[in-house]
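A.B. asks: Hey, dropping structure_25.txt in here, compact mmCIF, C-alpha atoms:
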```txt
# COMPACT_ATOMS: atom_id res chain seq x y z
CA MET X 251 8.30 16.91 13.23
CA ASN X 252 5.05 16.04 11.43
CA ASN X 253 5.65 18.68 8.73
CA ILE X 254 9.22 17.51 8.13
CA ALA X 255 8.19 13.85 8.03
CA GLU X 256 5.37 14.65 5.60
CA ARG X 257 7.78 16.51 3.28
CA PHE X 258 10.20 13.57 3.39
CA HIS X 259 7.39 11.16 2.60
CA ILE X 260 6.00 13.23 -0.28
CA ALA X 261 9.50 13.48 -1.75
CA LEU X 262 9.88 9.71 -1.42
CA GLU X 263 6.54 9.05 -3.13
CA ASN X 264 7.41 11.40 -5.99
CA GLN X 265 10.78 9.72 -6.53
CA LEU X 266 9.21 6.26 -6.48
CA ALA X 267 6.55 7.39 -8.96
CA ALA X 268 9.25 8.79 -11.25
CA VAL X 269 10.97 5.39 -11.34
CA THR X 270 8.04 3.95 -13.28
CA LEU X 271 8.57 6.51 -16.06
CA ASN X 272 12.16 5.66 -16.99
CA GLY X 273 11.30 2.67 -19.18
CA GLN X 274 13.45 0.25 -17.18
CA SER X 275 12.59 -3.39 -16.55
CA PRO X 276 10.55 -4.26 -13.43
CA MET X 277 13.67 -5.73 -11.84
CA GLU X 278 15.62 -2.53 -12.35
CA GLN X 279 12.70 -0.43 -11.15
CA TYR X 280 12.52 -2.39 -7.90
CA ARG X 281 16.28 -2.13 -7.46
CA CYS X 282 16.10 1.64 -7.92
CA SER X 283 13.17 1.82 -5.50
CA ILE X 284 15.21 0.02 -2.85
CA LEU X 285 18.02 2.57 -3.20
CA ILE X 286 15.59 5.49 -3.09
CA CYS X 287 14.00 4.15 0.11
CA LYS X 288 17.39 3.59 1.69
CA LYS X 289 18.46 7.17 0.99
CA ALA X 290 15.18 8.50 2.37
CA MET X 291 15.58 6.44 5.56
CA ASN X 292 19.14 7.66 6.06
CA LYS X 293 17.99 11.23 5.60
CA MET X 294 15.23 10.77 8.17
CA LYS X 295 17.64 9.12 10.59
CA ARG X 296 20.11 12.02 10.35
CA TYR X 297 17.32 14.48 11.05
CA VAL X 298 16.02 12.57 14.09
CA SER X 299 19.54 12.18 15.52
CA ASN X 300 19.62 15.98 15.97
CA TYR X 301 16.00 16.34 17.05
CA ALA X 302 14.58 16.17 20.57
CA PHE X 303 11.02 14.86 20.80
CA LYS X 304 8.87 17.32 22.72
CA ASP X 305 7.08 14.57 24.67
CA VAL X 306 6.40 10.84 24.82
CA ALA X 307 3.38 11.15 22.54
CA GLU X 308 5.50 12.63 19.75
CA GLU X 309 8.13 9.90 20.17
CA ILE X 310 5.45 7.20 20.00
CA HIS X 311 3.93 8.80 16.91
CA PHE X 312 7.28 8.81 15.13
CA PHE X 313 8.22 5.20 15.88
CA LYS X 314 4.69 3.84 15.39
CA GLU X 315 3.46 5.89 12.43
CA VAL X 316 6.33 7.65 10.66
CA LYS X 317 9.37 5.40 10.69
CA PRO X 318 7.47 2.20 9.72
CA LEU X 319 5.98 4.09 6.76
CA PHE X 320 9.50 4.42 5.31
CA TYR X 321 10.95 1.11 6.46
CA SER X 322 7.97 -0.96 5.34
CA LYS X 323 8.39 0.28 1.75
CA TYR X 324 12.09 -0.59 1.88
CA ILE X 325 11.38 -4.12 3.15
CA TYR X 326 8.54 -4.59 0.66
CA PHE X 327 10.66 -3.65 -2.36
CA ILE X 328 13.42 -6.00 -1.18
CA ASN X 329 10.87 -8.81 -0.83
CA VAL X 330 9.53 -8.30 -4.35
CA TYR X 331 13.01 -7.89 -5.83
CA ASN X 332 14.19 -11.15 -4.26
CA PHE X 333 10.97 -12.87 -5.35
CA LEU X 334 11.56 -11.87 -8.97
CA MET X 335 15.26 -12.72 -8.81
CA GLN X 336 14.52 -16.27 -7.70
CA LEU X 337 11.47 -16.85 -9.91
CA PRO X 338 11.83 -20.45 -11.11
CA PRO X 339 11.92 -21.35 -14.80
CA GLY X 340 9.22 -23.63 -16.09
CA GLY X 341 5.49 -23.51 -16.53
CA GLU X 342 2.56 -22.32 -14.47
CA ASP X 343 2.76 -25.16 -11.95
CA ALA X 344 6.28 -24.13 -10.93
CA VAL X 345 5.21 -20.52 -10.47
CA ARG X 346 2.16 -21.57 -8.45
CA ALA X 347 4.30 -23.69 -6.16
CA TYR X 348 6.80 -20.86 -5.77
CA ILE X 349 4.09 -18.35 -4.84
CA ASN X 350 2.43 -20.82 -2.47
CA PHE X 351 5.76 -21.34 -0.74
CA HIS X 352 6.05 -17.61 -0.08
CA LEU X 353 2.42 -17.30 1.01
CA THR X 354 2.91 -20.14 3.47
CA ASP X 355 6.09 -18.53 4.78
CA LEU X 356 4.26 -15.23 5.29
CA GLN X 357 1.46 -16.99 7.15
CA ARG X 358 4.05 -18.53 9.46
CA PHE X 359 5.40 -15.05 10.14
CA PHE X 360 1.95 -13.72 11.01
CA ASP X 361 1.22 -16.75 13.21
CA HIS X 362 4.57 -16.40 14.97
CA ASN X 363 3.80 -12.74 15.73
CA LYS X 364 0.10 -13.29 16.36
CA ALA X 365 -0.20 -11.30 19.59
CA PHE X 366 1.49 -8.17 18.28
CA TYR X 367 -0.19 -8.55 14.89
CA GLN X 368 -3.59 -8.52 16.59
CA TYR X 369 -2.48 -5.51 18.66
CA TYR X 370 -1.56 -3.65 15.47
CA ARG X 371 -4.66 -4.64 13.49
CA SER X 372 -7.02 -3.76 16.35
CA GLY X 373 -5.62 -0.24 16.65
CA SER X 374 -4.72 -0.78 20.31
CA THR X 375 -2.62 1.81 22.14
CA GLN X 376 -2.26 0.58 25.73
CA MET X 377 1.23 -0.85 25.13
CA ASP X 378 2.49 1.95 22.88
CA GLU X 379 4.80 3.47 25.47
CA ILE X 380 6.54 0.12 25.90
CA TYR X 381 6.59 -0.83 22.22
CA PHE X 382 7.38 2.53 20.63
CA THR X 383 9.68 4.47 22.95
CA ARG X 384 13.41 4.02 23.16
CA GLY X 385 15.20 2.40 26.05
CA GLY X 386 12.70 -0.41 26.56
CA PHE X 387 14.62 -3.18 24.79
CA ASP X 388 14.49 -6.50 26.61
CA VAL X 389 17.20 -9.04 25.84
CA GLN X 390 14.57 -11.75 26.12
CA MET X 391 12.80 -10.39 23.07
CA GLU X 392 13.51 -11.60 19.56
CA LEU X 393 16.84 -10.16 18.47
CA GLU X 394 16.11 -10.52 14.77
CA ASP X 395 13.38 -7.88 15.08
CA PHE X 396 15.48 -5.29 16.83
CA GLU X 397 17.98 -2.94 15.24
CA GLU X 398 21.33 -2.32 16.88
CA ASP X 399 21.02 1.47 17.04
CA GLU X 400 19.04 1.94 20.24
CA GLN X 401 18.93 5.72 19.74
CA TYR X 402 16.92 5.24 16.58
CA SER X 403 14.99 2.09 17.44
CA THR X 404 12.37 0.76 19.80
CA SER X 405 11.52 -2.83 20.60
CA HIS X 406 8.71 -3.04 18.03
CA ASP X 407 9.03 -0.41 15.31
CA TYR X 408 11.03 -2.75 13.07
CA LYS X 409 8.60 -5.61 13.73
CA LEU X 410 5.72 -3.31 12.78
CA SER X 411 7.56 -2.33 9.59
CA LYS X 412 7.94 -6.01 8.68
CA ILE X 413 4.26 -6.67 9.30
CA MET X 414 3.21 -3.75 7.09
CA ALA X 415 5.65 -4.82 4.37
CA ASN X 416 4.58 -8.45 4.54
CA GLU X 417 0.91 -7.50 4.25
CA LYS X 418 1.70 -5.64 1.04
CA PHE X 419 3.90 -8.48 -0.19
CA GLN X 420 1.07 -10.92 0.51
CA ASP X 421 -1.29 -8.80 -1.59
CA TYR X 422 1.32 -8.65 -4.35
CA LEU X 423 1.70 -12.45 -4.37
CA LYS X 424 -2.05 -13.02 -4.50
CA LEU X 425 -2.34 -10.66 -7.43
CA GLU X 426 0.48 -12.50 -9.22
CA TYR X 427 -1.31 -15.75 -8.49
CA LEU X 428 -4.45 -14.37 -10.09
CA LYS X 429 -2.51 -13.41 -13.20
CA ILE X 430 -1.51 -17.01 -13.77
CA GLY X 431 -5.15 -17.85 -14.48
CA THR X 432 -5.24 -20.61 -11.89
CA GLU X 433 -8.51 -22.27 -10.88
CA GLN X 434 -8.00 -21.94 -7.15
CA LEU X 435 -6.40 -19.37 -4.87
CA LEU X 436 -5.19 -20.46 -1.47
CA PRO X 437 -7.07 -20.85 0.78
CA ALA X 438 -9.81 -20.38 -1.86
CA PRO X 439 -12.63 -18.77 0.14
CA ALA X 440 -13.99 -17.21 -3.05
CA ALA X 441 -13.12 -19.41 -6.02
CA ASP X 442 -15.77 -17.71 -8.14
CA ILE X 443 -13.42 -14.77 -8.56
CA PHE X 444 -11.66 -16.67 -11.33
CA THR X 445 -14.77 -16.90 -13.45
CA PHE X 446 -15.45 -13.18 -13.83
CA SER X 447 -15.05 -11.42 -17.17
CA HIS X 448 -12.70 -8.46 -17.15
CA PRO X 449 -14.75 -5.27 -17.49
CA SER X 450 -13.65 -2.44 -19.77
CA TRP X 451 -12.58 0.94 -18.43
CA THR X 452 -14.49 3.37 -20.65
CA ALA X 453 -13.30 6.58 -19.05
CA SER X 454 -9.88 8.02 -19.93
CA PRO X 455 -6.54 6.90 -18.42
CA THR X 456 -6.28 10.36 -16.84
CA ASP X 457 -9.63 9.77 -15.13
CA ALA X 458 -8.24 6.50 -13.80
CA ILE X 459 -5.21 8.30 -12.38
CA GLU X 460 -7.43 10.90 -10.73
CA LEU X 461 -9.39 8.12 -9.04
CA ILE X 462 -6.28 6.13 -8.11
CA TYR X 463 -4.55 9.07 -6.43
CA SER X 464 -7.80 9.94 -4.65
CA LEU X 465 -8.03 6.41 -3.26
CA LYS X 466 -4.43 6.60 -2.14
CA ALA X 467 -4.63 10.09 -0.60
CA SER X 468 -7.92 9.40 1.20
CA GLY X 469 -6.64 6.19 2.78
CA SER X 470 -9.50 4.25 1.22
CA VAL X 471 -7.32 1.23 0.37
CA ASN X 472 -5.24 -0.40 3.14
CA ASN X 473 -5.60 2.85 5.10
CA GLY X 474 -3.36 4.48 2.51
CA ASN X 475 -0.59 1.95 3.07
CA ILE X 476 -0.31 1.09 -0.61
CA ASP X 477 1.85 2.52 -3.37
CA VAL X 478 0.30 4.26 -6.34
CA SER X 479 2.13 1.79 -8.58
CA GLU X 480 0.28 -1.09 -6.87
CA LEU X 481 -3.09 0.56 -7.40
CA VAL X 482 -2.16 1.19 -11.03
CA GLY X 483 -1.25 -2.48 -11.37
CA ILE X 484 -4.62 -3.53 -9.92
CA PHE X 485 -6.46 -1.25 -12.36
CA GLU X 486 -4.40 -2.53 -15.28
CA PHE X 487 -5.10 -6.15 -14.34
CA VAL X 488 -8.83 -5.78 -13.65
CA PHE X 489 -9.61 -3.60 -16.65
CA ARG X 490 -7.02 -5.09 -19.02
CA MET X 491 -5.62 -1.64 -19.77
CA GLU X 492 -2.25 0.09 -19.76
CA ILE X 493 -1.74 3.29 -17.80
CA LYS X 494 1.38 5.18 -18.81
CA GLU X 495 3.10 8.27 -17.39
CA THR X 496 1.14 8.23 -14.13
CA TYR X 497 3.29 10.91 -12.51
CA HIS X 498 2.97 13.25 -15.48
CA LYS X 499 -0.80 12.76 -15.53
CA ILE X 500 -1.24 13.71 -11.86
CA ILE X 501 0.93 16.78 -12.41
CA ASP X 502 -1.31 17.78 -15.33
CA ILE X 503 -4.38 17.25 -13.14
CA GLY X 504 -2.92 19.55 -10.48
CA ARG X 505 -2.28 22.25 -13.09
CA ARG X 506 -5.90 22.49 -14.20
CA LYS X 507 -6.94 26.13 -14.08
CA LYS X 508 -10.62 25.67 -13.23
CA THR X 509 -11.92 22.52 -11.59
CA VAL X 510 -9.20 20.10 -10.49
CA PRO X 511 -11.20 16.92 -9.66
CA VAL X 512 -13.05 16.71 -12.99
CA PHE X 513 -13.65 12.96 -12.86
CA LEU X 514 -14.58 12.93 -9.17
CA ASN X 515 -17.11 15.68 -9.81
CA LYS X 516 -18.47 13.62 -12.69
CA LEU X 517 -18.86 10.65 -10.35
CA THR X 518 -20.62 12.82 -7.78
CA ASP X 519 -23.01 14.23 -10.40
CA GLY X 520 -23.76 10.73 -11.66
CA LEU X 521 -24.50 9.44 -8.16
CA LEU X 522 -26.79 12.38 -7.33
CA ARG X 523 -28.58 11.99 -10.65
CA HIS X 524 -29.08 8.28 -9.96
CA LEU X 525 -30.41 8.95 -6.46
CA ASN X 526 -32.75 11.65 -7.72
CA ASP X 527 -34.06 9.31 -10.43
CA LYS X 528 -34.63 6.57 -7.88
CA LEU X 529 -36.41 9.02 -5.57
CA SER X 530 -38.59 10.31 -8.40
CA LEU X 531 -39.48 6.76 -9.41
CA SER X 532 -40.39 5.92 -5.82
CA VAL X 533 -42.71 8.93 -5.64
CA VAL X 534 -44.41 7.94 -8.91
CA ILE X 535 -44.90 4.36 -7.75
CA GLY X 536 -46.26 5.62 -4.43
CA LEU X 537 -48.80 7.81 -6.19
CA ILE X 538 -49.88 4.96 -8.45
CA LEU X 539 -50.40 2.67 -5.48
CA LEU X 540 -52.24 5.40 -3.61
CA PHE X 541 -54.79 5.89 -6.36
```
Could I get this structure in the form of structure tokens?
C.D. replies:
Amino acid sequence: MNNIAERFHIALENQLAAVTLNGQSPMEQYRCSILICKKAMNKMKRYVSNYAFKDVAEEIHFFKEVKPLFYSKYIYFINVYNFLMQLPPGGEDAVRAYINFHLTDLQRFFDHNKAFYQYYRSGSTQMDEIYFTRGGFDVQMELEDFEEDEQYSTSHDYKLSKIMANEKFQDYLKLEYLKIGTEQLLPAPAADIFTFSHPSWTASPTDAIELIYSLKASGSVNNGNIDVSELVGIFEFVFRMEIKETYHKIIDIGRRKKTVPVFLNKLTDGLLRHLNDKLSLSVVIGLILLF
């Protein structure tokens, strides 16, 4: 199951990455992404309908780790698409109010699901057999967070997918808020962020892609629960740069005949050189003080 799910997910990521290369508007790209996710979910559902989980642990893994990975992307793209569709006309104040409305609505969602949200964020497992195996649906639970197909749903896999999607949507909204150039970000714990000067990326765009995919693949950002396109957007915003043909660049990186992680090796060499210089300086200072 894990190998099949991984192949499905890699195929989904590649298709989503390809969407950014077709030159379409952001609206059309999000619409295409929704359709791609929907097809991937249907494909996964057909496979699982003819598959027998070998034990409870495998069933829990699928409904807690695998299925939400697909569904959360689907929900996230729908959220962003609807956000852009309903973006109000007018100046910056209207956009701020619109984003604040969505951020407040998301906070209500997290507050409403506080107990399970804490369970998810803490990495707890004691309730997994109840939450992520089929047949445990309780009519007293919230119907809006349960899918009708009980053979392909548990009581909490859809709720988990919504939480993951809403976390990503929250990050997206905050980034859009930053782009407005506002003086305060709700709830403004770090207002100084708006005073920084955008640094310049002095390495190549290909180096940036190598780093971005490494961050994604290593789970260094949001435990890997972030699309490459989002990381690219963050880089473009922070460094005031444009990164084109991301998918083609990573393919070219993979085709390198000698060393594949050229930029990562450069970073490693730079860090070791810095540490060696610091160590050498410490030794010199120690000798001076000694004599």
A.B. asks: I want to know what sits within 8 Å of Phe513 of chain X, based on only C-alpha atoms, with residues of the same chain fewer than 6 positions away left out; could you give that as a PDB file with C-alpha atoms, in the coordinates of the input?
C.D. replies:
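The resulting file, out.pdb, is reproduced below:
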```pdb
ATOM      1  CA  ASP X 457      -9.630   9.770 -15.130  1.00  0.00           C
ATOM      2  CA  GLU X 460      -7.430  10.900 -10.730  1.00  0.00           C
ATOM      3  CA  LEU X 461      -9.390   8.120  -9.040  1.00  0.00           C
TER       4      LEU X 461
END
```
A.B. asks: Which residue gives the smallest distance to Phe351 of chain X among X:Tyr324, X:Phe312, X:Tyr427, X:Tyr369, with all atoms listed in the file counted?
C.D. replies: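 Answer, going by the shortest atom-to-atom distance: X:Tyr427.
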A.B. asks: Within 10 Å of (9.9, 14.0, 13.7), all atoms listed in the file: residues as a list in words?
C.D. replies: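 Result, sorted by chain then residue number: Met251, Asn252, Asn253, Ile254, Ala255, Glu256, Met294, Lys295, Tyr297, Val298, Ser299, Tyr301, Ala302, Phe303, Lys304, Glu308, Glu309, His311, Phe312, Phe313, Val316 and Lys317 of chain X.
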A.B. asks: Would you mind reading off the distance between atom CA of Cys282 of chain X and atom CA of His498 of chain X, one decimal, in Å?
C.D. replies: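 Result for atom CA of Cys282 of chain X versus atom CA of His498 of chain X: 19.1 Å, one decimal.
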A.B. asks: If I take atom CA of Ala268 of chain X and atom CA of Val482 of chain X, how far is one from the other in Å, to one decimal?
C.D. replies: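 So the answer is 13.7 Å.
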